[in-house]
Structures are given as structure tokens and as C-alpha cells.
$ cat run11.pdb   # PDB, C-alpha atoms and all ligand atoms
MODEL        1
ATOM      1  CA  MET A 180     -48.603  -6.524  -3.279
ATOM      2  CA  THR A 181     -45.349  -8.345  -2.673
ATOM      3  CA  VAL A 182     -42.357  -6.620  -4.230
ATOM      4  CA  THR A 183     -40.138  -8.949  -6.264
ATOM      5  CA  LEU A 184     -36.399  -8.626  -6.855
ATOM      6  CA  ASN A 185     -35.562  -6.134  -9.617
ATOM      7  CA  ARG A 186     -33.598  -8.104 -12.247
ATOM      8  CA  GLU A 187     -32.553  -5.193 -14.475
ATOM      9  CA  PHE A 188     -28.956  -5.940 -13.375
ATOM     10  CA  PRO A 189     -27.362  -8.970 -11.654
ATOM     11  CA  PRO A 190     -28.386  -9.123  -7.961
ATOM     12  CA  ILE A 191     -26.127  -6.862  -5.908
ATOM     13  CA  PHE A 192     -24.301  -8.362  -2.954
ATOM     14  CA  ASP A 193     -23.386  -5.336  -0.857
ATOM     15  CA  GLY A 194     -20.171  -5.406   1.184
ATOM     16  CA  HIS A 195     -21.534  -3.464   4.129
ATOM     17  CA  GLU A 196     -24.903  -2.504   5.604
ATOM     18  CA  ASP A 197     -25.775  -1.438   9.145
ATOM     19  CA  PHE A 198     -29.547  -1.951   9.179
ATOM     20  CA  ILE A 199     -29.636  -4.342  12.117
ATOM     21  CA  THR A 200     -27.950  -1.773  14.362
ATOM     22  CA  GLN A 201     -30.681   0.703  13.368
ATOM     23  CA  VAL A 202     -33.440  -1.586  14.644
ATOM     24  CA  ARG A 203     -32.656  -0.691  18.228
ATOM     25  CA  MET A 204     -30.145   2.144  18.133
ATOM     26  CA  ARG A 205     -31.928   4.962  16.340
ATOM     27  CA  THR A 206     -30.706   8.416  15.464
ATOM     28  CA  PRO A 207     -30.202  10.370  18.692
ATOM     29  CA  GLY A 208     -32.628  13.198  19.402
ATOM     30  CA  PHE A 209     -36.264  13.804  20.177
ATOM     31  CA  PRO A 210     -38.895  12.728  19.587
ATOM     32  CA  PRO A 211     -37.492   9.187  19.544
ATOM     33  CA  LYS A 212     -38.219   7.360  16.298
ATOM     34  CA  PRO A 213     -40.235   4.147  16.467
ATOM     35  CA  PRO A 214     -38.417   0.854  15.774
ATOM     36  CA  ARG A 215     -38.102   0.086  12.096
ATOM     37  CA  ASP A 216     -38.931  -3.377  10.740
ATOM     38  CA  PHE A 217     -36.695  -4.599   7.887
ATOM     39  CA  LEU A 218     -39.596  -6.558   6.390
ATOM     40  CA  THR A 219     -41.842  -3.481   6.048
ATOM     41  CA  GLU A 220     -41.315  -0.669   3.548
ATOM     42  CA  SER A 221     -40.462   2.662   5.133
ATOM     43  CA  ASN A 222     -39.426   6.140   4.043
ATOM     44  CA  ASP A 223     -37.077   6.183   6.989
ATOM     45  CA  GLY A 224     -33.438   5.054   6.769
ATOM     46  CA  GLN A 225     -31.935   3.551   3.627
ATOM     47  CA  VAL A 226     -32.768  -0.133   3.371
ATOM     48  CA  ASP A 227     -35.520  -2.631   4.105
ATOM     49  CA  LEU A 228     -36.631  -5.729   2.215
ATOM     50  CA  PRO A 229     -39.112  -4.057  -0.187
ATOM     51  CA  ARG A 230     -36.680  -1.251  -1.021
ATOM     52  CA  ALA A 231     -33.813  -3.743  -1.398
ATOM     53  CA  ARG A 232     -35.878  -5.646  -3.945
ATOM     54  CA  ARG A 233     -36.837  -2.510  -5.862
ATOM     55  CA  GLY A 234     -33.145  -1.636  -6.071
ATOM     56  CA  GLY A 235     -31.971  -5.093  -7.180
ATOM     57  CA  LEU A 236     -30.172  -5.621  -3.865
ATOM     58  CA  GLY A 237     -29.915  -9.388  -3.372
ATOM     59  CA  GLY A 238     -28.030  -9.457  -0.104
ATOM     60  CA  CYS A 239     -25.134  -8.117   1.927
ATOM     61  CA  PHE A 240     -22.627  -8.538   4.668
ATOM     62  CA  THR A 241     -24.836  -7.591   7.606
ATOM     63  CA  SER A 242     -22.608  -5.603   9.912
ATOM     64  CA  ILE A 243     -22.587  -6.145  13.644
ATOM     65  CA  TYR A 244     -21.450  -2.721  14.802
ATOM     66  CA  LEU A 245     -20.882  -1.586  18.391
ATOM     67  CA  THR A 246     -20.574   1.934  19.772
ATOM     68  CA  ASP A 247     -17.450   2.653  21.826
ATOM     69  CA  GLU A 248     -19.529   2.405  24.991
ATOM     70  CA  ARG A 249     -21.112  -0.935  24.058
ATOM     71  CA  ALA A 250     -17.785  -2.355  22.881
ATOM     72  CA  GLU A 251     -16.238  -1.396  26.200
ATOM     73  CA  MET A 252     -19.083  -2.492  28.477
ATOM     74  CA  ASN A 253     -20.275  -5.760  26.995
ATOM     75  CA  ALA A 254     -19.160  -6.399  23.420
ATOM     76  CA  VAL A 255     -20.118 -10.090  23.448
ATOM     77  CA  GLY A 256     -23.554  -9.399  24.884
ATOM     78  CA  TYR A 257     -24.414  -6.628  22.424
ATOM     79  CA  ALA A 258     -23.024  -8.593  19.460
ATOM     80  CA  MET A 259     -25.165 -11.592  20.421
ATOM     81  CA  ARG A 260     -28.231  -9.383  20.771
ATOM     82  CA  GLU A 261     -27.739  -7.961  17.258
ATOM     83  CA  MET A 262     -27.177 -11.454  15.838
ATOM     84  CA  ASP A 263     -30.288 -12.680  17.627
ATOM     85  CA  ASP A 264     -32.204  -9.770  16.065
ATOM     86  CA  VAL A 265     -31.032 -10.991  12.641
ATOM     87  CA  PHE A 266     -32.086 -14.594  13.342
ATOM     88  CA  THR A 267     -35.462 -13.367  14.621
ATOM     89  CA  LEU A 268     -35.886 -11.341  11.448
ATOM     90  CA  ALA A 269     -35.122 -14.443   9.361
ATOM     91  CA  ASP A 270     -37.624 -16.474  11.411
ATOM     92  CA  ARG A 271     -40.390 -13.929  10.781
ATOM     93  CA  SER A 272     -39.649 -13.619   7.055
ATOM     94  CA  ALA A 273     -41.056 -16.950   5.794
ATOM     95  CA  GLY A 274     -37.850 -17.589   3.862
ATOM     96  CA  GLN A 275     -37.628 -14.094   2.371
ATOM     97  CA  PHE A 276     -34.615 -13.105   4.534
ATOM     98  CA  ARG A 277     -31.977 -15.804   4.903
ATOM     99  CA  VAL A 278     -28.884 -16.110   7.090
ATOM    100  CA  CYS A 279     -26.359 -17.583   4.637
ATOM    101  CA  ARG A 280     -23.127 -19.395   5.524
ATOM    102  CA  THR A 281     -22.073 -20.744   2.106
ATOM    103  CA  VAL A 282     -21.803 -19.367  -1.425
ATOM    104  CA  ALA A 283     -24.395 -21.926  -2.535
ATOM    105  CA  GLU A 284     -26.872 -20.522   0.010
ATOM    106  CA  VAL A 285     -26.249 -16.978  -1.272
ATOM    107  CA  ARG A 286     -26.798 -18.077  -4.873
ATOM    108  CA  ASP A 287     -29.955 -20.004  -3.918
ATOM    109  CA  ALA A 288     -31.301 -16.853  -2.252
ATOM    110  CA  PHE A 289     -30.586 -14.824  -5.405
ATOM    111  CA  VAL A 290     -32.521 -17.361  -7.498
ATOM    112  CA  ALA A 291     -35.454 -17.275  -5.071
ATOM    113  CA  GLY A 292     -35.349 -13.469  -4.827
ATOM    114  CA  ALA A 293     -34.828 -13.796  -1.055
ATOM    115  CA  PHE A 294     -32.404 -11.494   0.793
ATOM    116  CA  ALA A 295     -29.026 -13.177   1.447
ATOM    117  CA  SER A 296     -27.576 -11.948   4.743
ATOM    118  CA  VAL A 297     -24.054 -12.933   5.820
ATOM    119  CA  PHE A 298     -22.740 -11.909   9.241
ATOM    120  CA  MET A 299     -19.734  -9.617   9.510
ATOM    121  CA  PHE A 300     -18.239  -7.944  12.585
ATOM    122  CA  GLU A 301     -17.165  -4.348  12.099
ATOM    123  CA  GLY A 302     -14.401  -4.665  14.689
ATOM    124  CA  ALA A 303     -13.228  -7.723  16.631
ATOM    125  CA  ASP A 304     -14.261  -6.230  19.983
ATOM    126  CA  PRO A 305     -16.344  -9.318  20.940
ATOM    127  CA  ILE A 306     -13.299 -11.606  20.522
ATOM    128  CA  SER A 307     -10.970 -12.105  23.493
ATOM    129  CA  TRP A 308      -7.275 -12.944  23.632
ATOM    130  CA  SER A 309      -7.924 -16.693  23.728
ATOM    131  CA  LEU A 310     -10.004 -16.402  20.507
ATOM    132  CA  LYS A 311     -12.538 -18.769  22.103
ATOM    133  CA  GLU A 312     -15.500 -16.666  20.903
ATOM    134  CA  LEU A 313     -14.360 -16.750  17.275
ATOM    135  CA  ARG A 314     -15.208 -20.409  16.678
ATOM    136  CA  VAL A 315     -18.619 -20.022  18.300
ATOM    137  CA  PHE A 316     -19.454 -16.951  16.205
ATOM    138  CA  TYR A 317     -18.184 -18.764  13.117
ATOM    139  CA  GLU A 318     -20.620 -21.602  13.793
ATOM    140  CA  ALA A 319     -23.388 -18.993  14.121
ATOM    141  CA  GLY A 320     -22.506 -17.702  10.654
ATOM    142  CA  LEU A 321     -19.705 -15.141  11.054
ATOM    143  CA  ARG A 322     -17.922 -15.092   7.680
ATOM    144  CA  CYS A 323     -16.189 -11.687   7.606
ATOM    145  CA  LEU A 324     -14.276  -9.810  10.298
ATOM    146  CA  ALA A 325     -12.590  -6.418  10.552
ATOM    147  CA  PRO A 326      -9.863  -6.629  13.232
ATOM    148  CA  ALA A 327     -10.749  -3.089  14.356
ATOM    149  CA  TRP A 328     -13.331  -0.380  13.716
ATOM    150  CA  SER A 329     -12.039   3.219  14.058
ATOM    151  CA  ARG A 330     -10.753   2.543  17.560
ATOM    152  CA  SER A 331      -8.286   0.080  19.105
ATOM    153  CA  THR A 332      -8.859  -3.574  19.872
ATOM    154  CA  ILE A 333      -6.396  -6.044  21.384
ATOM    155  CA  PHE A 334      -5.672  -7.081  17.774
ATOM    156  CA  ALA A 335      -5.235  -3.870  15.752
ATOM    157  CA  HIS A 336      -5.880  -0.139  15.584
ATOM    158  CA  GLY A 337      -8.322   1.691  13.345
ATOM    159  CA  VAL A 338      -7.911   4.992  11.519
ATOM    160  CA  SER A 339      -9.110   7.616  13.959
ATOM    161  CA  PHE A 340     -12.207   9.791  13.521
ATOM    162  CA  GLY A 341     -11.192  11.870  16.536
ATOM    163  CA  ASP A 342      -8.739  11.123  19.329
ATOM    164  CA  ALA A 343      -5.292   9.966  18.243
ATOM    165  CA  LEU A 344      -4.844   6.200  18.010
ATOM    166  CA  PRO A 345      -1.603   4.170  17.853
ATOM    167  CA  GLU A 346      -0.076   4.005  14.388
ATOM    168  CA  THR A 347       1.369   0.544  14.926
ATOM    169  CA  GLY A 348       0.157  -2.554  13.063
ATOM    170  CA  LEU A 349      -1.285  -5.895  14.151
ATOM    171  CA  THR A 350      -0.447  -6.972  17.690
ATOM    172  CA  LEU A 351       0.851 -10.484  18.372
ATOM    173  CA  SER A 352      -2.739 -11.429  19.196
ATOM    174  CA  GLY A 353      -3.756  -9.827  15.907
ATOM    175  CA  ARG A 354      -1.441 -12.155  14.022
ATOM    176  CA  ARG A 355      -2.995 -15.142  15.800
ATOM    177  CA  LEU A 356      -6.440 -13.780  14.913
ATOM    178  CA  VAL A 357      -5.497 -13.632  11.220
ATOM    179  CA  ALA A 358      -4.184 -17.208  11.280
ATOM    180  CA  GLU A 359      -7.359 -18.441  12.991
ATOM    181  CA  CYS A 360      -9.620 -16.597  10.523
ATOM    182  CA  ASN A 361      -7.644 -18.207   7.694
ATOM    183  CA  ARG A 362      -8.059 -21.631   9.310
ATOM    184  CA  LEU A 363     -11.787 -21.316   9.995
ATOM    185  CA  GLY A 364     -12.683 -19.588   6.731
ATOM    186  CA  ILE A 365     -13.499 -16.004   7.751
ATOM    187  CA  ILE A 366     -12.753 -13.176   5.292
ATOM    188  CA  LEU A 367     -10.574 -10.400   6.743
ATOM    189  CA  ASP A 368     -11.863  -6.861   6.148
ATOM    190  CA  ALA A 369      -9.349  -4.003   5.891
ATOM    191  CA  SER A 370     -11.882  -1.140   5.999
ATOM    192  CA  HIS A 371     -11.217   1.023   9.117
ATOM    193  CA  ILE A 372      -7.782  -0.493   9.931
ATOM    194  CA  ASN A 373      -4.785   1.887  10.013
ATOM    195  CA  PRO A 374      -2.091   1.727   7.278
ATOM    196  CA  ALA A 375       0.394  -0.316   9.357
ATOM    197  CA  GLY A 376      -2.323  -2.823  10.190
ATOM    198  CA  PHE A 377      -3.377  -2.927   6.550
ATOM    199  CA  TRP A 378       0.101  -3.918   5.409
ATOM    200  CA  ASP A 379       0.358  -6.506   8.189
ATOM    201  CA  LEU A 380      -2.945  -8.025   6.991
ATOM    202  CA  ILE A 381      -1.559  -8.200   3.467
ATOM    203  CA  ALA A 382       1.617  -9.875   4.732
ATOM    204  CA  GLU A 383      -0.002 -12.265   7.218
ATOM    205  CA  SER A 384      -3.167 -13.516   5.524
ATOM    206  CA  ARG A 385      -2.807 -16.625   3.386
ATOM    207  CA  TYR A 386      -6.084 -15.774   1.620
ATOM    208  CA  PRO A 387      -7.580 -12.764  -0.196
ATOM    209  CA  ILE A 388      -8.690  -9.847   1.969
ATOM    210  CA  ILE A 389     -11.363  -7.256   1.215
ATOM    211  CA  ALA A 390     -12.126  -3.641   2.008
ATOM    212  CA  SER A 391     -15.866  -4.024   2.541
ATOM    213  CA  HIS A 392     -16.738  -0.294   2.413
ATOM    214  CA  SER A 393     -13.964   2.066   1.342
ATOM    215  CA  CYS A 394     -13.373   4.547  -1.487
ATOM    216  CA  VAL A 395     -10.467   5.852  -3.542
ATOM    217  CA  LYS A 396      -8.013   8.213  -1.846
ATOM    218  CA  ALA A 397      -6.819   9.613  -5.194
ATOM    219  CA  ILE A 398     -10.336  11.101  -5.565
ATOM    220  CA  SER A 399     -11.209  11.849  -1.938
ATOM    221  CA  PRO A 400      -8.236  12.131   0.464
ATOM    222  CA  HIS A 401     -10.193  10.903   3.532
ATOM    223  CA  VAL A 402      -8.215   8.747   6.013
ATOM    224  CA  ARG A 403     -10.790   5.964   5.562
ATOM    225  CA  ASN A 404     -10.035   5.673   1.831
ATOM    226  CA  LEU A 405      -7.422   3.516   0.098
ATOM    227  CA  ASP A 406      -4.393   4.806  -1.778
ATOM    228  CA  ASP A 407      -3.332   3.235  -5.063
ATOM    229  CA  ASP A 408      -0.675   1.028  -3.432
ATOM    230  CA  GLN A 409      -3.327  -0.407  -1.107
ATOM    231  CA  ILE A 410      -5.730  -0.968  -4.020
ATOM    232  CA  ARG A 411      -2.998  -2.807  -5.946
ATOM    233  CA  ALA A 412      -2.142  -4.916  -2.891
ATOM    234  CA  ILE A 413      -5.772  -6.015  -2.372
ATOM    235  CA  ALA A 414      -6.001  -6.869  -6.083
ATOM    236  CA  GLU A 415      -2.721  -8.823  -6.118
ATOM    237  CA  LYS A 416      -4.040 -10.890  -3.207
ATOM    238  CA  GLY A 417      -7.240 -11.648  -5.129
ATOM    239  CA  GLY A 418      -9.520  -9.471  -3.015
ATOM    240  CA  THR A 419     -12.087  -6.788  -3.801
ATOM    241  CA  ILE A 420     -13.081  -3.298  -2.619
ATOM    242  CA  GLY A 421     -16.678  -2.278  -1.922
ATOM    243  CA  ILE A 422     -17.301   1.341  -2.937
ATOM    244  CA  ASN A 423     -18.802   3.244   0.001
ATOM    245  CA  PHE A 424     -21.681   5.667  -0.733
ATOM    246  CA  ALA A 425     -20.858   8.013   2.175
ATOM    247  CA  ASN A 426     -20.718  11.596   0.936
ATOM    248  CA  ILE A 427     -17.586  12.313   2.985
ATOM    249  CA  PHE A 428     -15.677   9.391   1.421
ATOM    250  CA  LEU A 429     -16.867  10.080  -2.142
ATOM    251  CA  ARG A 430     -16.328  13.825  -2.365
ATOM    252  CA  PRO A 431     -12.949  15.450  -3.095
ATOM    253  CA  ASP A 432     -13.862  18.120  -0.490
ATOM    254  CA  MET A 433     -14.847  15.391   2.057
ATOM    255  CA  LYS A 434     -17.931  17.421   3.019
ATOM    256  CA  ARG A 435     -21.118  15.971   4.475
ATOM    257  CA  ASP A 436     -22.900  17.357   1.408
ATOM    258  CA  ALA A 437     -25.655  15.212  -0.092
ATOM    259  CA  SER A 438     -25.644  16.998  -3.464
ATOM    260  CA  THR A 439     -22.967  14.461  -4.517
ATOM    261  CA  PRO A 440     -23.724  13.342  -8.105
ATOM    262  CA  VAL A 441     -24.096   9.690  -9.122
ATOM    263  CA  ASP A 442     -21.302  10.339 -11.622
ATOM    264  CA  LEU A 443     -18.838  10.798  -8.751
ATOM    265  CA  ILE A 444     -19.700   7.306  -7.441
ATOM    266  CA  ALA A 445     -19.011   5.960 -10.939
ATOM    267  CA  GLN A 446     -15.621   7.710 -10.914
ATOM    268  CA  HIS A 447     -14.556   5.656  -7.876
ATOM    269  CA  PHE A 448     -15.490   2.448  -9.721
ATOM    270  CA  ASP A 449     -13.630   3.711 -12.810
ATOM    271  CA  HIS A 450     -10.466   4.453 -10.871
ATOM    272  CA  ILE A 451     -10.183   0.933  -9.449
ATOM    273  CA  LEU A 452     -11.189  -0.664 -12.744
ATOM    274  CA  ASN A 453      -8.547   1.318 -14.631
ATOM    275  CA  LEU A 454      -5.892   0.578 -12.012
ATOM    276  CA  VAL A 455      -6.398  -3.157 -11.390
ATOM    277  CA  GLY A 456      -9.318  -4.392 -13.518
ATOM    278  CA  ASP A 457     -12.951  -5.379 -13.012
ATOM    279  CA  GLU A 458     -12.265  -8.292 -10.628
ATOM    280  CA  HIS A 459     -11.444  -6.096  -7.654
ATOM    281  CA  VAL A 460     -14.282  -3.617  -7.245
ATOM    282  CA  SER A 461     -17.756  -4.136  -5.756
ATOM    283  CA  PHE A 462     -20.510  -2.316  -3.872
ATOM    284  CA  GLY A 463     -20.020  -1.405  -0.193
ATOM    285  CA  THR A 464     -22.790   1.153   0.297
ATOM    286  CA  ASP A 465     -22.745   1.485   4.109
ATOM    287  CA  PHE A 466     -26.562   1.850   3.955
ATOM    288  CA  ASP A 467     -28.052   2.729   7.332
ATOM    289  CA  GLY A 468     -24.564   3.531   8.594
ATOM    290  CA  THR A 469     -23.960   6.868   6.906
ATOM    291  CA  ASP A 470     -25.490   9.721   4.902
ATOM    292  CA  VAL A 471     -25.537   8.996   1.162
ATOM    293  CA  PRO A 472     -26.123  11.269  -1.871
ATOM    294  CA  ASP A 473     -29.682  12.605  -2.254
ATOM    295  CA  ALA A 474     -29.541  11.316  -5.837
ATOM    296  CA  ILE A 475     -29.331   7.751  -4.427
ATOM    297  CA  ARG A 476     -31.373   8.304  -1.253
ATOM    298  CA  ASP A 477     -31.787   4.634  -0.373
ATOM    299  CA  ALA A 478     -31.479   1.091  -1.765
ATOM    300  CA  THR A 479     -33.939   1.918  -4.540
ATOM    301  CA  GLY A 480     -31.243   4.190  -6.013
ATOM    302  CA  LEU A 481     -28.802   1.354  -6.755
ATOM    303  CA  PRO A 482     -29.907   0.865 -10.399
ATOM    304  CA  LEU A 483     -28.866   4.496 -11.060
ATOM    305  CA  VAL A 484     -25.264   3.512 -10.334
ATOM    306  CA  CYS A 485     -25.487   0.366 -12.472
ATOM    307  CA  ARG A 486     -26.962   2.422 -15.336
ATOM    308  CA  ALA A 487     -24.176   5.023 -14.978
ATOM    309  CA  LEU A 488     -21.579   2.245 -15.222
ATOM    310  CA  LYS A 489     -23.337   0.712 -18.224
ATOM    311  CA  GLU A 490     -23.430   4.107 -19.950
ATOM    312  CA  ARG A 491     -19.683   4.340 -19.401
ATOM    313  CA  GLY A 492     -19.329   1.167 -21.456
ATOM    314  CA  TYR A 493     -18.986  -1.461 -18.722
ATOM    315  CA  ALA A 494     -19.584  -4.917 -20.239
ATOM    316  CA  GLU A 495     -22.290  -7.263 -18.893
ATOM    317  CA  SER A 496     -19.502  -9.502 -17.556
ATOM    318  CA  SER A 497     -17.971  -6.562 -15.649
ATOM    319  CA  LEU A 498     -21.329  -5.619 -14.137
ATOM    320  CA  GLU A 499     -21.851  -9.228 -13.043
ATOM    321  CA  ARG A 500     -18.469  -9.231 -11.274
ATOM    322  CA  ILE A 501     -19.079  -5.823  -9.676
ATOM    323  CA  CYS A 502     -22.627  -6.621  -8.550
ATOM    324  CA  ASN A 503     -21.840  -9.921  -6.858
ATOM    325  CA  GLY A 504     -19.202 -12.022  -8.648
ATOM    326  CA  ASN A 505     -16.153 -10.515  -6.999
ATOM    327  CA  PHE A 506     -17.401 -10.912  -3.423
ATOM    328  CA  LEU A 507     -18.605 -14.436  -4.145
ATOM    329  CA  ARG A 508     -15.254 -15.370  -5.724
ATOM    330  CA  VAL A 509     -13.440 -14.185  -2.572
ATOM    331  CA  ALA A 510     -15.961 -16.111  -0.463
ATOM    332  CA  GLU A 511     -15.319 -19.252  -2.513
ATOM    333  CA  ASP A 512     -11.574 -18.820  -1.929
ATOM    334  CA  VAL A 513     -11.831 -18.183   1.826
ATOM    335  CA  TRP A 514     -14.938 -19.924   3.211
ATOM    336  CA  LYS A 515     -14.620 -23.657   3.881
TER     337      LYS A 515
HETATM  338 ZN    ZN B   1     -17.761   1.499   8.747
ENDMDL
END
$ encode --input "run11.pdb" --output "C-alpha cells" --more "lines below"
Ligand SMILES: [Zn+2]
Amino acid sequence: MTVTLNREFPPIFDGHEDFITQVRMRTPGFPPKPPRDFLTESNDGQVDLPRARRGGLGGCFTSIYLTDERAEMNAVGYAMREMDDVFTLADRSAGQFRVCRTVAEVRDAFVAGAFASVFMFEGADPISWSLKELRVFYEAGLRCLAPAWSRSTIFAHGVSFGDALPETGLTLSGRRLVAECNRLGIILDASHINPAGFWDLIAESRYPIIASHSCVKAISPHVRNLDDDQIRAIAEKGGTIGINFANIFLRPDMKRDASTPVDLIAQHFDHILNLVGDEHVSFGTDFDGTDVPDAIRDATGLPLVCRALKERGYAESSLERICNGNFLRVAEDVWK
């Protein structure tokens, strides 16, 4: 039986999911796991089309993520292979998985109950100094770009997960990248960038920026999370922050402990809502890119978060903004 989109809440547009990377690059170790097909329901990983529909997940920024080795060896080649995997998936889906380039296409997919996928690069590694690749990737559907993942690019430096990285902000090329993203209509993503780069993005971008998958530093002091000044700055620029479901970013003790309660996820939403209002917080689960609370488990757990927010007294209009309205408003402001 075909699973239809759960309409208990407005369709969720998720700021960050890594499922396409998982198709080929599985968890290391033996025995190797077989390839996973996004169109077929699985108990493995965190998201596929049937589970997305059960969870009311209408679409996402589909992240093109590269390991350090791939970014260094052949970033353009690996990025194109992942994008081709997404197009192939769309081709096989009979209209149930759609590569969207406009807000109207995303909304049409929601109405049809089809999955709305929008390309994002988690790091500008495939873009060279001349920026020549950027226009081509834009034409292929790239609509969101993080100047750096947690490593350095020629444009910016990420917050480090290990070896020390420069603490300086955008390079001169990084400033040109921002201007070109503004011109083409590509949303800039501040998740993973270091603080100096963050403030340069705020200063340089003429349009709203987002943090596609970050949490609240006042609750969990992880380097990947945003402090209150950063949250206010994203809000003042008209942007939004996708709450990441990674245990280490949610928990005050930053432990890789999956006993994290749903209530703690709701607290991150609360903090941003109380600080800057309901127009600047969204979902940014990081499904298939991290370990999430056992209470959520996978995309089918999303309604638990919506119900927790509703029980806290969130209005229907707030839930609509959080589920998809805020990301789509930013998209309307930035995309051409
Ligand atoms: Zn990430």
C-alpha cells in the first residue's frame, strides 16, 4: 500500500538531510551494508520516502556533503555524482520525489504529497576561485550554500571538530562568493562556519541568511551551536535557524547519548521563540548525518516534536511557520 503524506501538522520542510550521501557512503565497518533506496521503506538509517510521509516530512534541503578526502581529491566530481544520484532518484520516483528550484514547485509538491528536494552544498569545496562552477550548479538547482563545512575552503573556515583551523573570517574570495550568491539567488548557510566568518556573512550578505542545522548554545555549549547574539543577528536579517536533532548539539552535556528526551528538542525551539519570535526557527534535523534521540529514531518521529510544541501552547500559525513557512519566506526573499 502506498503511504500518503501525514497531514496532522503542516508539511515539514527540513533544513538539512544527508540521505543522498548515505546511498553510496555507508557506515564504515563490516559486514558492509547493502545500498539503501530512498523510495523503499527501511529500518536502516533515518529517512526514506515512506518514513518521510509517515512523519509529515514534505521535503528538505538535500545536502551534498563531501568527506575531507573527497573534497581534496575531486570535489566537483563527487558533488556531481551525488547530484546525479538525486536526479536518478527523481526519475525513478514517478513524480513522488521532485527536484525543486522555486517556492512554487515546493508548494506544488506539498499539495501533491510528493517529496520536495532542494539542493544545498554543505561546504563550497566544489567551487573554485573563479566561481565558474557556481552558475552551473545554480542552473542544476543549487539554492543553498554553506561557504565551509568544519574544515577550510578558499572562501571561509569552519568550526573545527578536531585539528585547529584558522579563526579568521571570510577571505576576499569569500566576499566575492557571497556577492555572487546574492546575485544568483542562493541562500547562504551559516551552520559550520566559524564565528568570524559568521559575522562577515551577516555584514556582507544583502539578503537573509540561515543556519540550516544548528542548536542553541545557551542550552548546549557545543562549538557548532549559536549564541544569543548570533540568533538575534540571523533574526534581524530575516533568516531562520533549523534545530538540529543531533544528541551532541541538543544535550547540555554534549554527550553522544541517545536517551535525549523530546522535551529537550522543544526547549531549543522555545529558546529561539522567546528570544526573537516564531519567524526565525525551523527544523534542521540532520537526518542520516548524525545520531538522533532514540525517542525520535527516524523521520516517523517528527510528529512527536510537533505535538510537544503544540502542548506547550504554540499556535497553529506558529507551527505553520516552524514547519515550512520560515524557510519558504527566506527562499522567496533570496531565490530569483
Ligand atoms: Zn552538518
$ closest_residue --input "run11.pdb" --among "A:Ile388, A:Cys502, A:Leu245, A:Leu367" --to "ligand ZN 1 (chain B)" --atoms "all atoms listed in the file"
A:Leu245
$ residues_near_ligand --input "run11.pdb" --ligand "ligand ZN 1 (chain B)" --cutoff "12 Å" --atoms "all atoms listed in the file" --output "JSON, numbers by chain"
{"A": [194, 195, 196, 197, 240, 241, 242, 243, 244, 245, 246, 299, 300, 301, 302, 324, 325, 327, 328, 329, 330, 337, 338, 339, 340, 368, 369, 370, 371, 372, 390, 391, 392, 393, 394, 403, 404, 421, 422, 423, 424, 425, 428, 463, 464, 465, 466, 467, 468, 469, 470]}
$ residues_near_point --input "run11.pdb" --point "(-15.2, -14.2, -10.3)" --cutoff "10 Å" --atoms "all atoms listed in the file" --output "list in words"
Gly417, Asp457, Glu458, His459, Ser496, Ser497, Glu499, Arg500, Ile501, Asn503, Gly504, Asn505, Phe506, Leu507, Arg508, Val509 and Glu511 of chain A
$ axis_aligned_box --input "run11.pdb" --around "stretch 252-264 of chain A" --padding-each-side "5 Å" --output "JSON"
{"center_x": -25.6, "center_y": -7.6, "center_z": 22.2, "size_x": 23.1, "size_y": 20.2, "size_z": 22.6}
$ atom_distance --input "run11.pdb" --atom1 "atom CA of A:Gly320" --atom2 "atom CA of A:Val297"
7.0 Å
$ residues_around --input "run11.pdb" --residues "A:Cys360" --least-positions-apart "6" --cutoff "12 Å" --atoms "all atoms listed in the file" --output "list in words"
Ala303, Ile306, Leu310, Glu312, Leu313, Arg314, Phe316, Tyr317, Leu321, Arg322, Cys323, Leu324, Ala325, Pro326, Gly353, Arg354, Ile366, Leu367, Asp368, Leu380, Glu383, Ser384, Arg385, Tyr386, Pro387, Ile388, Val513, Trp514 and Lys515 of chain A
$ resolve_selection --input "run11.pdb" --expression "the PyMOL selection byres (((chain A and resi 218) around 7) and not hetatm)" --output "list in words"
Asp216, Phe217, Thr219, Glu220, Asp227 and Leu228 of chain A
$ residues_around --input "run11.pdb" --residues "A:Ala437" --least-positions-apart "3" --cutoff "12 Å" --atoms "only C-alpha atoms" --output "ChimeraX atom specification"
/A:424-430,433-434,440-441,443,469-476
$ residues_around --input "run11.pdb" --residues "A:Ala319" --least-positions-apart "6" --cutoff "9 Å" --atoms "all atoms listed in the file" --output "PyMOL selection string"
chain A and resi 262+280+298
$ atom_distance --input "run11.pdb" --atom1 "atom CA of A:Cys239" --atom2 "atom CA of A:Ile191"
8.0 Å
$ residues_around --input "run11.pdb" --residues "stretch 287-293 of chain A" --least-positions-apart "2" --cutoff "9 Å" --atoms "all atoms listed in the file" --output "list in words"
Thr183, Leu184, Asn185, Pro190, Leu228, Arg232, Gly237, Gly238, Gly274, Gln275, Phe276, Arg277, Cys279, Val282, Ala283, Glu284, Val285 and Ala295 of chain A
$ atom_distance --input "run11.pdb" --atom1 "atom CA of A:Pro482" --atom2 "atom CA of A:Pro214"
27.5 Å
$ resolve_selection --input "run11.pdb" --expression "the PyMOL selection byres (((chain A and resi 346-349) around 6) and not hetatm)" --output "PyMOL selection string"
chain A and resi 334-335+345+350+353+375-376
